[in-house]
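Okay, start_21.cif now, which holds mmCIF, C-alpha atoms:
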data_coords
#
loop_
_atom_site.label_atom_id
_atom_site.label_comp_id
_atom_site.auth_asym_id
_atom_site.auth_seq_id
_atom_site.Cartn_x
_atom_site.Cartn_y
_atom_site.Cartn_z
CA MET S 554 -18.46 -17.06 -11.58
CA LYS S 555 -16.89 -20.40 -12.29
CA ILE S 556 -13.38 -19.73 -13.59
CA LEU S 557 -10.96 -22.11 -15.29
CA TYR S 558 -7.60 -20.65 -14.25
CA ALA S 559 -4.66 -21.82 -16.37
CA ALA S 560 -1.20 -20.75 -15.23
CA GLY S 561 2.09 -21.94 -13.85
CA LEU S 562 1.16 -22.42 -10.20
CA SER S 563 3.75 -22.74 -7.44
CA PRO S 564 4.56 -20.98 -4.15
CA LYS S 565 7.08 -18.86 -6.11
CA GLU S 566 4.61 -17.47 -8.65
CA SER S 567 2.44 -14.36 -8.33
CA SER S 568 -0.12 -16.11 -10.54
CA LEU S 569 -1.01 -18.20 -7.48
CA TYR S 570 -1.76 -15.02 -5.52
CA ARG S 571 -4.22 -13.86 -8.19
CA LEU S 572 -5.95 -17.23 -7.94
CA TRP S 573 -6.29 -16.70 -4.19
CA ALA S 574 -7.79 -13.27 -4.82
CA LEU S 575 -10.39 -14.77 -7.16
CA GLU S 576 -11.37 -17.23 -4.45
CA ARG S 577 -11.51 -14.53 -1.77
CA LEU S 578 -13.82 -12.54 -4.03
CA GLY S 579 -16.25 -15.45 -3.94
CA HIS S 580 -15.62 -17.18 -7.26
CA GLN S 581 -15.30 -20.90 -7.90
CA VAL S 582 -11.85 -21.50 -9.35
CA ILE S 583 -10.74 -24.60 -11.24
CA PRO S 584 -6.91 -24.58 -11.14
CA PHE S 585 -5.02 -25.82 -14.18
CA ASN S 586 -1.30 -25.97 -13.42
CA THR S 587 0.75 -25.73 -16.60
CA PHE S 588 3.90 -26.62 -14.67
CA ASP S 589 2.57 -30.19 -14.60
CA TYR S 590 3.13 -30.29 -18.36
CA GLN S 591 6.76 -29.26 -18.44
CA PRO S 592 9.00 -31.91 -20.02
CA ALA S 593 11.26 -33.60 -17.50
CA ASN S 594 14.27 -33.28 -19.77
CA PRO S 595 15.72 -29.75 -19.34
CA LEU S 596 16.84 -29.51 -22.97
CA ILE S 597 13.44 -30.58 -24.33
CA SER S 598 11.78 -28.16 -21.90
CA LYS S 599 13.94 -25.29 -23.19
CA VAL S 600 13.21 -26.12 -26.84
CA THR S 601 9.49 -26.47 -26.11
CA HIS S 602 9.43 -23.03 -24.48
CA ARG S 603 11.37 -21.34 -27.28
CA LEU S 604 9.25 -22.84 -30.05
CA ALA S 605 5.91 -22.98 -28.16
CA ALA S 606 5.41 -26.36 -29.81
CA GLY S 607 5.62 -30.06 -29.06
CA PRO S 608 3.68 -32.84 -27.32
CA SER S 609 3.36 -30.99 -24.00
CA VAL S 610 1.86 -27.94 -25.73
CA ASN S 611 -0.64 -30.17 -27.51
CA ARG S 612 -1.57 -31.86 -24.22
CA ILE S 613 -2.17 -28.50 -22.53
CA ASN S 614 -4.60 -27.45 -25.24
CA ARG S 615 -6.34 -30.82 -25.33
CA ASP S 616 -6.80 -30.93 -21.55
CA ILE S 617 -8.00 -27.32 -21.27
CA LEU S 618 -10.65 -28.07 -23.90
CA ARG S 619 -11.67 -31.25 -22.10
CA ILE S 620 -12.07 -29.44 -18.78
CA ALA S 621 -13.95 -26.57 -20.41
CA GLU S 622 -16.38 -28.99 -22.01
CA SER S 623 -17.00 -30.91 -18.80
CA GLU S 624 -17.01 -28.05 -16.27
CA LYS S 625 -18.65 -25.36 -18.44
CA PRO S 626 -16.97 -22.40 -16.73
CA ASP S 627 -18.03 -18.82 -17.30
CA LEU S 628 -14.46 -17.68 -17.84
CA LEU S 629 -11.11 -19.01 -18.99
CA TRP S 630 -8.35 -16.99 -17.32
CA THR S 631 -4.84 -17.62 -18.64
CA ASP S 632 -1.94 -16.09 -16.73
CA LYS S 633 1.17 -15.68 -18.90
CA LEU S 634 0.23 -18.83 -20.77
CA LEU S 635 2.26 -18.96 -23.97
CA SER S 636 1.10 -22.40 -25.12
CA MET S 637 -2.48 -21.76 -26.24
CA HIS S 638 -3.51 -22.52 -29.81
CA SER S 639 -5.81 -19.98 -31.46
CA ARG S 640 -8.23 -22.74 -32.36
CA THR S 641 -8.46 -23.73 -28.69
CA ILE S 642 -9.48 -20.20 -27.69
CA ASP S 643 -11.97 -20.07 -30.57
CA ARG S 644 -13.57 -23.36 -29.54
CA ILE S 645 -13.85 -22.17 -25.95
CA ARG S 646 -15.44 -18.88 -27.02
CA ALA S 647 -17.87 -20.86 -29.21
CA MET S 648 -19.03 -22.62 -26.02
CA GLY S 649 -20.06 -19.22 -24.64
CA ILE S 650 -17.05 -19.07 -22.30
CA ALA S 651 -15.35 -15.68 -22.00
CA SER S 652 -11.54 -15.56 -22.18
CA VAL S 653 -9.01 -13.25 -20.56
CA SER S 654 -5.23 -13.24 -20.89
CA TYR S 655 -3.26 -11.69 -18.01
CA MET S 656 0.27 -10.73 -19.06
CA ILE S 657 2.76 -9.34 -16.57
CA ASP S 658 5.61 -9.17 -19.11
CA ASN S 659 6.00 -7.18 -22.31
CA PRO S 660 6.00 -9.24 -25.53
CA PHE S 661 6.64 -6.04 -27.49
CA GLY S 662 9.63 -4.88 -25.44
CA PRO S 663 13.30 -4.73 -26.38
CA ARG S 664 14.30 -7.63 -24.12
CA ARG S 665 13.38 -10.13 -26.86
CA ASP S 666 12.62 -13.05 -24.58
CA PRO S 667 11.85 -16.28 -26.46
CA GLY S 668 8.54 -18.15 -26.51
CA TRP S 669 6.08 -15.56 -27.85
CA ARG S 670 5.27 -17.24 -31.19
CA LEU S 671 1.82 -18.63 -30.33
CA TYR S 672 0.94 -15.82 -27.95
CA MET S 673 1.31 -13.16 -30.64
CA LYS S 674 -1.00 -15.12 -32.93
CA ASN S 675 -3.58 -15.38 -30.14
CA ILE S 676 -3.96 -11.66 -29.47
CA PRO S 677 -7.10 -11.20 -31.66
CA HIS S 678 -8.76 -14.32 -30.22
CA TYR S 679 -9.10 -13.44 -26.52
CA ASP S 680 -12.04 -11.39 -25.28
CA LEU S 681 -9.81 -9.33 -22.99
CA HIS S 682 -6.10 -8.70 -22.52
CA VAL S 683 -4.75 -7.42 -19.20
CA VAL S 684 -1.48 -5.49 -19.55
CA GLN S 685 0.82 -3.45 -17.32
CA ARG S 686 1.90 -0.57 -19.58
CA ASP S 687 0.15 2.28 -21.36
CA LYS S 688 2.10 1.61 -24.54
CA ASN S 689 0.89 -2.00 -24.58
CA ILE S 690 -2.69 -0.85 -25.08
CA LEU S 691 -1.77 0.44 -28.55
CA ASP S 692 0.54 -2.54 -29.15
CA TYR S 693 -2.31 -4.98 -28.57
CA THR S 694 -5.05 -3.05 -30.35
CA SER S 695 -2.80 -2.67 -33.42
CA ARG S 696 -2.53 -6.47 -33.41
CA GLY S 697 -6.31 -6.83 -33.44
CA ALA S 698 -7.10 -7.23 -29.74
CA ARG S 699 -10.84 -7.11 -28.98
CA ASP S 700 -10.37 -5.32 -25.65
CA VAL S 701 -7.38 -4.28 -23.52
CA ILE S 702 -7.24 -3.02 -19.93
CA LYS S 703 -4.23 -1.76 -18.00
CA ILE S 704 -4.00 -3.09 -14.44
CA GLN S 705 -1.08 -2.50 -12.11
CA THR S 706 0.85 -5.26 -10.43
CA ALA S 707 -0.08 -5.74 -6.78
CA TYR S 708 0.93 -7.09 -3.41
CA GLU S 709 -0.63 -10.15 -1.79
CA PRO S 710 -2.31 -9.05 1.47
CA THR S 711 -2.11 -12.48 3.12
CA LEU S 712 1.68 -12.45 2.74
CA HIS S 713 2.71 -8.81 2.46
CA TYR S 714 1.78 -6.97 5.65
CA PRO S 715 3.67 -4.83 8.21
CA PRO S 716 5.55 -6.23 11.21
CA SER S 717 4.18 -6.06 14.71
CA PRO S 718 4.24 -2.69 16.53
CA GLY S 719 7.59 -1.80 18.01
CA TRP S 720 9.65 -3.15 15.11
CA SER S 721 12.75 -0.98 14.75
CA ASP S 722 16.31 -0.85 13.47
CA ALA S 723 17.23 -3.09 16.39
CA ASN S 724 15.43 -5.84 14.43
CA ARG S 725 17.03 -4.96 11.10
CA ASP S 726 20.27 -6.57 9.90
CA ARG S 727 20.06 -5.52 6.23
CA GLN S 728 20.96 -1.87 5.66
CA VAL S 729 20.66 -1.30 1.91
CA SER S 730 18.72 -4.26 0.56
CA PHE S 731 17.61 -5.66 -2.77
CA VAL S 732 15.78 -8.94 -3.38
CA GLY S 733 15.31 -9.93 -7.00
CA THR S 734 17.09 -10.56 -10.30
CA PRO S 735 20.12 -8.83 -11.92
CA TYR S 736 18.30 -7.30 -14.89
CA ASP S 737 19.79 -4.32 -16.71
CA ASP S 738 22.64 -2.70 -14.72
CA ARG S 739 21.49 -3.63 -11.21
CA ALA S 740 24.61 -5.68 -10.40
CA GLN S 741 26.87 -2.78 -11.37
CA THR S 742 24.79 -0.27 -9.39
CA LEU S 743 24.74 -2.39 -6.25
CA GLY S 744 28.45 -3.10 -6.61
CA ARG S 745 29.20 0.62 -6.80
CA LEU S 746 27.12 1.30 -3.69
CA TRP S 747 29.31 -1.17 -1.82
CA ARG S 748 32.69 -0.42 -3.41
CA GLU S 749 32.58 3.34 -4.03
CA CYS S 750 30.20 4.50 -1.29
CA GLY S 751 31.03 2.00 1.43
CA PHE S 752 27.41 1.07 2.17
CA SER S 753 26.51 -2.25 3.71
CA VAL S 754 24.57 -3.85 0.83
CA ALA S 755 22.54 -7.08 1.07
CA VAL S 756 21.50 -8.78 -2.18
CA SER S 757 19.30 -11.88 -2.35
CA GLY S 758 18.10 -13.94 -5.28
CA SER S 759 19.52 -16.60 -7.56
CA ALA S 760 23.12 -17.29 -6.61
CA LYS S 761 23.79 -18.50 -10.15
CA LEU S 762 22.50 -15.33 -11.82
CA TRP S 763 24.04 -12.87 -9.36
CA GLY S 764 27.32 -14.79 -9.37
CA ARG S 765 27.50 -14.32 -13.13
CA ALA S 766 26.50 -10.65 -13.03
CA MET S 767 28.72 -9.46 -10.18
CA GLN S 768 32.47 -9.22 -9.78
CA PRO S 769 33.68 -11.94 -7.40
CA ASP S 770 34.59 -9.61 -4.53
CA VAL S 771 31.26 -7.78 -4.78
CA PHE S 772 29.33 -11.04 -4.80
CA ALA S 773 31.24 -12.33 -1.78
CA ALA S 774 30.59 -9.13 0.17
CA THR S 775 26.94 -8.51 -0.68
CA PHE S 776 25.14 -11.71 -1.61
CA ARG S 777 23.23 -13.51 1.15
CA ASP S 778 20.26 -15.75 1.92
CA GLY S 779 19.68 -16.99 -1.66
CA GLU S 780 16.22 -16.92 -3.24
CA LEU S 781 13.52 -15.65 -0.89
CA TYR S 782 9.81 -16.29 -1.22
CA ARG S 783 6.66 -15.77 0.81
CA ASP S 784 7.45 -15.52 4.56
CA ASP S 785 11.20 -15.31 3.94
CA TYR S 786 10.71 -12.53 1.40
CA ARG S 787 8.46 -10.54 3.75
CA ASN S 788 10.90 -11.03 6.61
CA ALA S 789 13.75 -9.71 4.45
CA ILE S 790 11.75 -6.53 3.80
CA TRP S 791 11.02 -6.15 7.50
CA ARG S 792 14.72 -6.66 8.30
CA SER S 793 15.86 -4.00 5.81
CA CYS S 794 16.46 -0.35 6.68
CA ILE S 795 16.20 0.64 3.01
CA ASN S 796 14.42 -1.51 0.41
CA LEU S 797 15.52 -0.77 -3.16
CA SER S 798 13.20 -1.20 -6.14
CA PHE S 799 14.44 -0.90 -9.73
CA LEU S 800 12.48 -0.61 -12.95
CA THR S 801 13.23 -3.24 -15.57
CA HIS S 802 14.05 -0.91 -18.44
CA SER S 803 14.51 -3.81 -20.84
CA ASN S 804 10.84 -4.60 -20.17
CA GLN S 805 9.74 -0.93 -20.46
CA ASP S 806 8.26 -0.97 -16.94
CA GLU S 807 6.29 1.99 -15.63
CA PHE S 808 6.26 0.51 -12.11
CA VAL S 809 7.19 -2.83 -10.57
CA HIS S 810 5.30 -5.16 -8.28
CA LYS S 811 8.21 -5.12 -5.82
CA SER S 812 7.40 -1.50 -4.97
CA PHE S 813 3.84 -2.41 -3.98
CA GLU S 814 5.03 -5.46 -2.04
CA ILE S 815 7.51 -3.34 -0.07
CA ALA S 816 4.76 -0.82 0.71
CA GLY S 817 2.37 -3.64 1.63
CA CYS S 818 4.97 -4.97 4.07
CA GLY S 819 5.40 -1.55 5.66
CA GLY S 820 8.98 -1.24 4.43
CA PHE S 821 10.84 1.92 3.57
CA LEU S 822 10.74 2.13 -0.24
CA LEU S 823 13.56 3.73 -2.24
CA ALA S 824 12.51 3.20 -5.86
CA GLU S 825 13.58 4.32 -9.29
CA ARG S 826 11.65 7.44 -10.25
CA SER S 827 9.02 6.98 -12.98
CA GLY S 828 5.66 8.38 -13.95
CA GLY S 829 4.01 5.18 -12.76
CA HIS S 830 5.62 5.36 -9.32
CA LEU S 831 4.96 9.08 -8.95
CA GLN S 832 1.27 8.55 -9.73
CA ARG S 833 0.99 5.96 -6.96
CA PHE S 834 3.14 7.37 -4.15
CA LYS S 835 3.68 10.95 -3.00
CA GLU S 836 7.40 11.59 -3.28
CA ASP S 837 9.31 12.01 0.00
CA GLU S 838 6.11 11.42 1.95
CA GLU S 839 5.01 7.89 0.98
CA ALA S 840 8.16 6.72 -0.85
CA VAL S 841 11.53 8.11 -1.90
CA PHE S 842 12.74 8.06 -5.50
CA PHE S 843 15.97 8.37 -7.49
CA SER S 844 16.84 8.91 -11.15
CA SER S 845 20.61 8.49 -11.16
CA PHE S 846 23.34 6.71 -9.25
CA ASP S 847 24.43 9.93 -7.57
CA GLU S 848 20.89 10.66 -6.43
CA LEU S 849 20.51 7.09 -5.21
CA ALA S 850 23.67 7.38 -3.11
CA GLU S 851 22.57 10.78 -1.83
CA LYS S 852 19.16 9.43 -0.72
CA ILE S 853 20.79 6.49 1.06
CA ARG S 854 23.13 8.86 2.93
CA ARG S 855 20.15 11.03 3.84
CA TYR S 856 17.83 8.34 5.13
CA LEU S 857 20.00 5.51 6.43
CA PRO S 858 20.82 7.29 9.72
CA ASP S 859 17.28 8.75 10.08
CA GLU S 860 15.13 5.92 11.40
CA ALA S 861 12.27 8.25 12.36
CA ALA S 862 11.95 9.63 8.82
CA ARG S 863 12.12 6.16 7.33
CA GLN S 864 9.41 4.89 9.65
CA ARG S 865 7.17 7.86 8.94
CA ILE S 866 7.46 7.42 5.17
CA ALA S 867 7.07 3.64 5.33
CA THR S 868 3.89 3.95 7.40
CA ALA S 869 2.44 6.52 5.01
CA GLY S 870 3.32 4.34 2.02
CA ASN S 871 1.60 1.35 3.59
CA LEU S 872 -1.54 3.37 4.31
CA ARG S 873 -1.57 4.64 0.70
CA ALA S 874 -1.24 1.09 -0.64
CA ILE S 875 -4.16 -0.07 1.48
CA ARG S 876 -6.35 2.97 0.79
CA ASP S 877 -5.86 2.99 -2.98
CA GLY S 878 -6.04 -0.77 -3.39
CA TYR S 879 -2.54 -1.71 -4.51
CA HIS S 880 -3.36 -5.29 -3.49
CA ASN S 881 -4.57 -8.29 -5.48
CA ASP S 882 -8.18 -8.18 -4.31
CA LYS S 883 -8.70 -4.69 -5.74
CA GLN S 884 -6.76 -5.19 -8.96
CA VAL S 885 -8.27 -8.61 -9.73
CA GLY S 886 -11.69 -7.14 -8.96
CA LEU S 887 -11.16 -4.47 -11.62
CA ILE S 888 -10.44 -7.16 -14.20
CA LEU S 889 -13.60 -9.03 -13.27
CA GLU S 890 -15.67 -5.87 -13.58
CA ARG S 891 -14.44 -5.53 -17.16
CA ILE S 892 -15.08 -9.19 -18.04
CA GLU S 893 -18.56 -9.04 -16.52
CA SER S 894 -19.51 -6.64 -19.30
CA VAL S 895 -18.46 -9.28 -21.84
CA LEU S 896 -20.57 -11.89 -20.08
CA SER S 897 -23.54 -9.56 -19.87
CA THR S 898 -23.33 -8.75 -23.57
CA ARG S 899 -23.20 -12.42 -24.46
CA LYS S 900 -26.10 -13.25 -22.20
CA ALA S 901 -28.21 -10.50 -23.74
CA ALA S 902 -27.38 -11.71 -27.24
CA ASN S 903 -27.90 -15.41 -26.53
CA PRO S 904 -29.04 -16.36 -23.00
CA SER S 905 -28.72 -20.10 -23.68
CA ALA S 906 -25.18 -19.98 -25.08
CA ASN S 907 -23.71 -21.02 -21.74
CA PRO S 908 -25.98 -22.90 -19.32
CA THR S 909 -24.06 -21.60 -16.32
CA LEU S 910 -25.12 -18.07 -17.19
CA ALA S 911 -28.79 -18.76 -17.80
CA GLY S 912 -31.08 -17.37 -15.13
CA ARG S 913 -28.45 -15.18 -13.46
CA PRO S 914 -29.53 -11.69 -12.48
#
In structure tokens, write the structure found in this file.
Amino acid sequence: MKILYAAGLSPKESSLYRLWALERLGHQVIPFNTFDYQPANPLISKVTHRLAAGPSVNRINRDILRIAESEKPDLLWTDKLLSMHSRTIDRIRAMGIASVSYMIDNPFGPRRDPGWRLYMKNIPHYDLHVVQRDKNILDYTSRGARDVIKIQTAYEPTLHYPPSPGWSDANRDRQVSFVGTPYDDRAQTLGRLWRECGFSVAVSGSAKLWGRAMQPDVFAATFRDGELYRDDYRNAIWRSCINLSFLTHSNQDEFVHKSFEIAGCGGFLLAERSGGHLQRFKEDEEAVFFSSFDELAEKIRRYLPDEAARQRIATAGNLRAIRDGYHNDKQVGLILERIESVLSTRKAANPSANPTLAGRP
């Protein structure tokens, strides 16, 4: 297929990894980077995001339509794009172009992030919505969605892979490690692991956010390396004896992409217990889980001195992730299988609606 892929594209964004997967699967991708449309003034950018309105939003819609008219793609794929006008989607669908919205976050969750005004209006206009939670299927269908599919987050196989054979604790300088953001009560939990339990804790991410969330002495003792992406992120997982993964409860997560990335990197995964995690990893064989602070501390005490057990579980978790397709190629492929049915239905109803589809088997 020829796919017009509209998303914020940068080395820091997982949307870029899904674009790579589309290309690896043999599709022609036309990138449309919405970051190019962000206002230079930080205040104007913030207001534009909150209101989903303004000159930059209008330019995004105008340019997407222009490219769709000139390139005649089979599919418009938007990845957490909150700036689409309903009339833009309708005009694209009228050209015979299918449309899919991939949403990693939860617009119906209790976190109440800003910027959802246009997106909520657009739900009935897309051909397919891709969501991460079972509850979102009902959320979207109750808002008039034409079709909804649940797809799990995934690791990027070109970046998230195990270290070379022979890697051991001799190569690891992070004992209890977390790389990410201080959502929910993560800062308090990590601080307690350091202060009350005496564990060596390494936290990486935004210094500004963690500095606000943590007490000064905890921040000074645990924070290191700053924000980590791509090779640096993978290396941090390799260098960690125990890799922590927390659910974002304020986003009603069932699982988190960090868990699959840790498994993809061959790291020892100690994740918050959930139905979504338990469905994807066999407990105490492919990953280790916790449901409370006391259980978390107990699991760290159990596994931190036992390198052999950690290595055994990490290896099994990596094999499970590969075997069951917890990577972008498999998960993106599932989305394309669903959208192909939309294209096939349209072709059967009107073979000349989109010239790029005419004559395909």
* Target residues per the PyMOL selection byres ((chain S and resi 871-879) around 12), formatted as a count of residues only -> 49
* Asked: So what does the PyMOL selection byres ((chain S and resi 700) around 12) actually pick up in this one, as a PyMOL selection string?
  -> chain S and resi 652-654+676-684+689-699+701-703+888+891-892+894-895
* Reference answer for the PyMOL selection byres ((chain S and resi 557) around 6), as a PyMOL selection string -> chain S and resi 556+558+583+629
Just-selected residues, C-alpha atoms written as a short mmCIF file (atom, residue, chain, number, x, y, z; two decimals), in the frame of the given file:
data_model
loop_
_atom_site.label_atom_id
_atom_site.label_comp_id
_atom_site.auth_asym_id
_atom_site.auth_seq_id
_atom_site.Cartn_x
_atom_site.Cartn_y
_atom_site.Cartn_z
CA ILE S 556 -13.38 -19.73 -13.59
CA TYR S 558 -7.60 -20.65 -14.25
CA ILE S 583 -10.74 -24.60 -11.24
CA LEU S 629 -11.11 -19.01 -18.99
#
* May I have the protein, DNA and RNA residues with any atom at most 10 Å from the point (14.4, -4.8, 13.4), counting all atoms listed in the file, written as a ChimeraX atom specification? => /S:716,719-727,788,791-794
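Take CA of Glu825 (chain S) and CA of Arg739 (chain S): the distance between them is 11.4 Å.
All residues of protein, DNA or RNA that reach within 12 Å of Arg765 (chain S), judged by only C-alpha atoms and not counting those fewer than 6 positions away in the chain, are S:Thr734, S:Pro735, S:Tyr736, S:Ala740, S:Gln741, S:Ser759, S:Val771, S:Phe772.
Between CA of Trp630 (chain S) and CA of Ala593 (chain S) the separation is 25.7 Å.
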* Can you work out which one of S:Ala560, S:Leu797, S:Met637, S:Ile597 has the shortest atom-to-atom distance to Arg612 (chain S), counting only C-alpha atoms? => S:Met637
* To do: Around the point (22.4, -7.5, -1.5), in the coordinates given by the file, pick out the residues reaching within 12 Å, counting only C-alpha atoms, and return them as an MDAnalysis selection string.
  => chainID S and resid 726:735 739:747 752:760 763:764 767 771:780 789:790 793 795:797
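Proximity ranking of S:Gly579, S:Ala861, S:Asn804, S:Lys599 relative to Arg665 (chain S) places S:Asn804 first, based on all atoms listed in the file.
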* **Gap from CA of Leu634 (chain S) to CA of Ala559 (chain S) - Å, one decimal** => 7.2 Å
* **Surrounding residues of Asp737 (chain S) excluding itself and chain neighbours under 4 positions, 10 Å, only C-alpha atoms, as a list in words** => Arg664, Gln741, Thr742, Ala766, Phe799, Leu800, Thr801, His802, Ser803 and Asn804 of chain S
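Of the residues under consideration (S:Ile645, S:Leu849, S:Leu596, S:Leu712), S:Leu712 shows the shortest atom-to-atom contact distance to Pro564 (chain S) when counting all atoms listed in the file.
With all atoms listed in the file as the basis for measurement, S:Ser568 is the residue among S:Asn614, S:Ser568, S:Thr601, S:Asn586 that approaches Asp632 (chain S) most closely.
For the choices S:Leu604, S:Leu575, S:Cys750, S:Asp616, the atom-to-atom distance to Thr587 (chain S) is smallest for S:Asp616 when using only C-alpha atoms.
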Export of region 636-654 of chain S: N, CA, C and O atoms, as an mmCIF file, in the first residue's frame:
data_model
loop_
_atom_site.group_PDB
_atom_site.id
_atom_site.type_symbol
_atom_site.label_atom_id
_atom_site.label_comp_id
_atom_site.auth_asym_id
_atom_site.auth_seq_id
_atom_site.Cartn_x
_atom_site.Cartn_y
_atom_site.Cartn_z
ATOM 1 N N SER S 636 -5.063 17.152 15.774
ATOM 2 C CA SER S 636 -5.336 18.403 15.059
ATOM 3 C C SER S 636 -6.188 18.230 13.808
ATOM 4 O O SER S 636 -6.345 19.179 13.050
ATOM 5 N N MET S 637 -6.719 17.046 13.579
ATOM 6 C CA MET S 637 -7.510 16.819 12.371
ATOM 7 C C MET S 637 -8.904 17.421 12.507
ATOM 8 O O MET S 637 -9.550 17.316 13.550
ATOM 9 N N HIS S 638 -9.377 18.034 11.417
ATOM 10 C CA HIS S 638 -10.761 18.469 11.339
ATOM 11 C C HIS S 638 -11.611 17.322 10.782
ATOM 12 O O HIS S 638 -11.157 16.587 9.901
ATOM 13 N N SER S 639 -12.815 17.198 11.254
ATOM 14 C CA SER S 639 -13.704 16.145 10.746
ATOM 15 C C SER S 639 -13.898 16.266 9.246
ATOM 16 O O SER S 639 -13.931 15.266 8.521
ATOM 17 N N ARG S 640 -14.017 17.484 8.770
ATOM 18 C CA ARG S 640 -14.238 17.665 7.330
ATOM 19 C C ARG S 640 -13.030 17.225 6.515
ATOM 20 O O ARG S 640 -13.183 16.791 5.364
ATOM 21 N N THR S 641 -11.836 17.302 7.099
ATOM 22 C CA THR S 641 -10.643 16.818 6.397
ATOM 23 C C THR S 641 -10.706 15.303 6.236
ATOM 24 O O THR S 641 -10.445 14.773 5.150
ATOM 25 N N ILE S 642 -11.060 14.611 7.302
ATOM 26 C CA ILE S 642 -11.182 13.149 7.223
ATOM 27 C C ILE S 642 -12.269 12.762 6.225
ATOM 28 O O ILE S 642 -12.092 11.845 5.414
ATOM 29 N N ASP S 643 -13.386 13.478 6.250
ATOM 30 C CA ASP S 643 -14.490 13.164 5.335
ATOM 31 C C ASP S 643 -14.077 13.368 3.879
ATOM 32 O O ASP S 643 -14.424 12.562 3.003
ATOM 33 N N ARG S 644 -13.342 14.421 3.606
ATOM 34 C CA ARG S 644 -12.888 14.663 2.227
ATOM 35 C C ARG S 644 -11.903 13.588 1.777
ATOM 36 O O ARG S 644 -11.926 13.150 0.621
ATOM 37 N N ILE S 645 -11.056 13.147 2.686
ATOM 38 C CA ILE S 645 -10.100 12.089 2.346
ATOM 39 C C ILE S 645 -10.829 10.775 2.092
ATOM 40 O O ILE S 645 -10.528 10.058 1.127
ATOM 41 N N ARG S 646 -11.802 10.450 2.920
ATOM 42 C CA ARG S 646 -12.583 9.230 2.702
ATOM 43 C C ARG S 646 -13.351 9.302 1.384
ATOM 44 O O ARG S 646 -13.518 8.293 0.694
ATOM 45 N N ALA S 647 -13.818 10.502 1.026
ATOM 46 C CA ALA S 647 -14.546 10.666 -0.235
ATOM 47 C C ALA S 647 -13.649 10.409 -1.448
ATOM 48 O O ALA S 647 -14.146 10.086 -2.535
ATOM 49 N N MET S 648 -12.339 10.549 -1.257
ATOM 50 C CA MET S 648 -11.386 10.232 -2.334
ATOM 51 C C MET S 648 -11.157 8.734 -2.473
ATOM 52 O O MET S 648 -10.402 8.297 -3.348
ATOM 53 N N GLY S 649 -11.762 7.934 -1.593
ATOM 54 C CA GLY S 649 -11.532 6.494 -1.605
ATOM 55 C C GLY S 649 -10.337 6.073 -0.785
ATOM 56 O O GLY S 649 -9.870 4.936 -0.898
ATOM 57 N N ILE S 650 -9.831 6.980 0.070
ATOM 58 C CA ILE S 650 -8.671 6.699 0.913
ATOM 59 C C ILE S 650 -9.167 6.245 2.282
ATOM 60 O O ILE S 650 -9.966 6.936 2.923
ATOM 61 N N ALA S 651 -8.715 5.092 2.735
ATOM 62 C CA ALA S 651 -9.080 4.611 4.064
ATOM 63 C C ALA S 651 -8.338 5.426 5.126
ATOM 64 O O ALA S 651 -7.293 6.028 4.854
ATOM 65 N N SER S 652 -8.876 5.441 6.343
ATOM 66 C CA SER S 652 -8.277 6.240 7.414
ATOM 67 C C SER S 652 -8.223 5.430 8.702
ATOM 68 O O SER S 652 -9.182 4.752 9.066
ATOM 69 N N VAL S 653 -7.084 5.498 9.369
ATOM 70 C CA VAL S 653 -6.905 4.818 10.649
ATOM 71 C C VAL S 653 -6.267 5.787 11.629
ATOM 72 O O VAL S 653 -5.360 6.544 11.274
ATOM 73 N N SER S 654 -6.780 5.784 12.857
ATOM 74 C CA SER S 654 -6.215 6.588 13.935
ATOM 75 C C SER S 654 -5.607 5.647 14.970
ATOM 76 O O SER S 654 -6.309 4.819 15.549
#
